[in-house]
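Everything below concerns the one structure shown next.
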Amino acid sequence: MRKLERMGVKQSVVGLVIPTGYSFNLDAFSIYLTLAVVFIAQATNTPLSLGDLLLCWRLAGDSKGAHGIPGSAIVFHATLNAVPTVR
């Protein structure tokens with residue numbers, strides 16, 4: 001952030017854009033896990049019930065803080081593997 005300010009970018013712009021971009025990047029991991037499940041279900045012609053979709057939505061919320069943990073996707077894979085429809 002200091003480098004951008006030294007380059008002439010206003011402090012108010014840097015203070016808004018950098019944290020916002022970082023936060024959206026964290027959300028991308030959550031979105032990826034949910035969309036991967038839906039994509040695989042559609043690719044294999046597997047119908048997902050409302051309960052299955054709610055589980056995916058719940059996992060997306062739980063994975064919000066998991067982006068910085070190496071191998072955290074394995075935990076979500078194991079959770080989804082426990083659901084017979086998604087398996």
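Chain labels follow the order of the structure tokens: the first chain is A, the next B, and so on; residue numbering restarts at 1 in every chain, and ligands are counted from 1 in their shown order.
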
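Residues in contact range of A:Leu48, defined as at most 10 Å between only C-alpha atoms, with sequence neighbours fewer than 5 positions away removed, read Val37, Val38, Ala41, Gln42, Leu53, Leu54, Thr85 and Val86 of chain A.
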
Quick one: write out the picked residues with N, CA, C and O atoms as a PDB file, in the first residue's frame?
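Done, and the output landed in again04.pdb:
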ATOM      1  N   VAL A  37     -18.623 -28.492  -7.255  1.00  0.00           N
ATOM      2  CA  VAL A  37     -19.596 -29.543  -6.946  1.00  0.00           C
ATOM      3  C   VAL A  37     -20.759 -29.498  -7.931  1.00  0.00           C
ATOM      4  O   VAL A  37     -21.168 -30.524  -8.481  1.00  0.00           O
ATOM      5  N   VAL A  38     -21.273 -28.322  -8.189  1.00  0.00           N
ATOM      6  CA  VAL A  38     -22.400 -28.194  -9.109  1.00  0.00           C
ATOM      7  C   VAL A  38     -21.977 -28.590 -10.526  1.00  0.00           C
ATOM      8  O   VAL A  38     -22.715 -29.277 -11.234  1.00  0.00           O
ATOM      9  N   ALA A  41     -21.634 -32.384 -10.741  1.00  0.00           N
ATOM     10  CA  ALA A  41     -22.964 -33.000 -10.725  1.00  0.00           C
ATOM     11  C   ALA A  41     -23.640 -32.863 -12.088  1.00  0.00           C
ATOM     12  O   ALA A  41     -24.245 -33.818 -12.588  1.00  0.00           O
ATOM     13  N   GLN A  42     -23.512 -31.706 -12.706  1.00  0.00           N
ATOM     14  CA  GLN A  42     -24.118 -31.527 -14.022  1.00  0.00           C
ATOM     15  C   GLN A  42     -23.388 -32.342 -15.087  1.00  0.00           C
ATOM     16  O   GLN A  42     -24.013 -32.900 -15.983  1.00  0.00           O
ATOM     17  N   LEU A  53     -27.801 -28.913  -2.279  1.00  0.00           N
ATOM     18  CA  LEU A  53     -27.383 -27.555  -2.621  1.00  0.00           C
ATOM     19  C   LEU A  53     -27.181 -26.703  -1.373  1.00  0.00           C
ATOM     20  O   LEU A  53     -26.255 -25.894  -1.309  1.00  0.00           O
ATOM     21  N   LEU A  54     -28.027 -26.913  -0.360  1.00  0.00           N
ATOM     22  CA  LEU A  54     -27.847 -26.190   0.902  1.00  0.00           C
ATOM     23  C   LEU A  54     -26.559 -26.616   1.602  1.00  0.00           C
ATOM     24  O   LEU A  54     -25.886 -25.798   2.232  1.00  0.00           O
ATOM     25  N   THR A  85     -25.380 -38.579  -2.638  1.00  0.00           N
ATOM     26  CA  THR A  85     -25.728 -38.004  -3.928  1.00  0.00           C
ATOM     27  C   THR A  85     -24.521 -37.369  -4.607  1.00  0.00           C
ATOM     28  O   THR A  85     -24.323 -37.492  -5.805  1.00  0.00           O
ATOM     29  N   VAL A  86     -23.712 -36.682  -3.844  1.00  0.00           N
ATOM     30  CA  VAL A  86     -22.566 -35.959  -4.400  1.00  0.00           C
ATOM     31  C   VAL A  86     -21.427 -36.916  -4.687  1.00  0.00           C
ATOM     32  O   VAL A  86     -20.640 -36.699  -5.597  1.00  0.00           O
TER      33      VAL A  86
END

Q) Of the candidates A:Arg2, A:His77, A:Pro70, A:Ala60, which one gets nearest to A:Tyr32 if we count only C-alpha atoms? A)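 Result for the nearest residue to A:Tyr32: A:Ala60.
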
In Å, rounded to a single decimal, give me how far atom CA of A:Leu55 is from atom CA of A:Ala43.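 Atom-to-atom, atom CA of A:Ala43 and atom CA of A:Leu55 are spaced 19.0 Å apart.
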
Kindly give the distance, in Å, that separates atom CA of A:Arg58 and atom CA of A:Thr44, rounded to a single decimal.
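Between atom CA of A:Arg58 and atom CA of A:Thr44 the gap is 22.3 Å.
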
#### Entry: Point-to-point distance in Å for atom CA of A:Ser30 and atom CA of A:Leu4
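Separating atom CA of A:Leu4 from atom CA of A:Ser30 is a distance of 28.6 Å.
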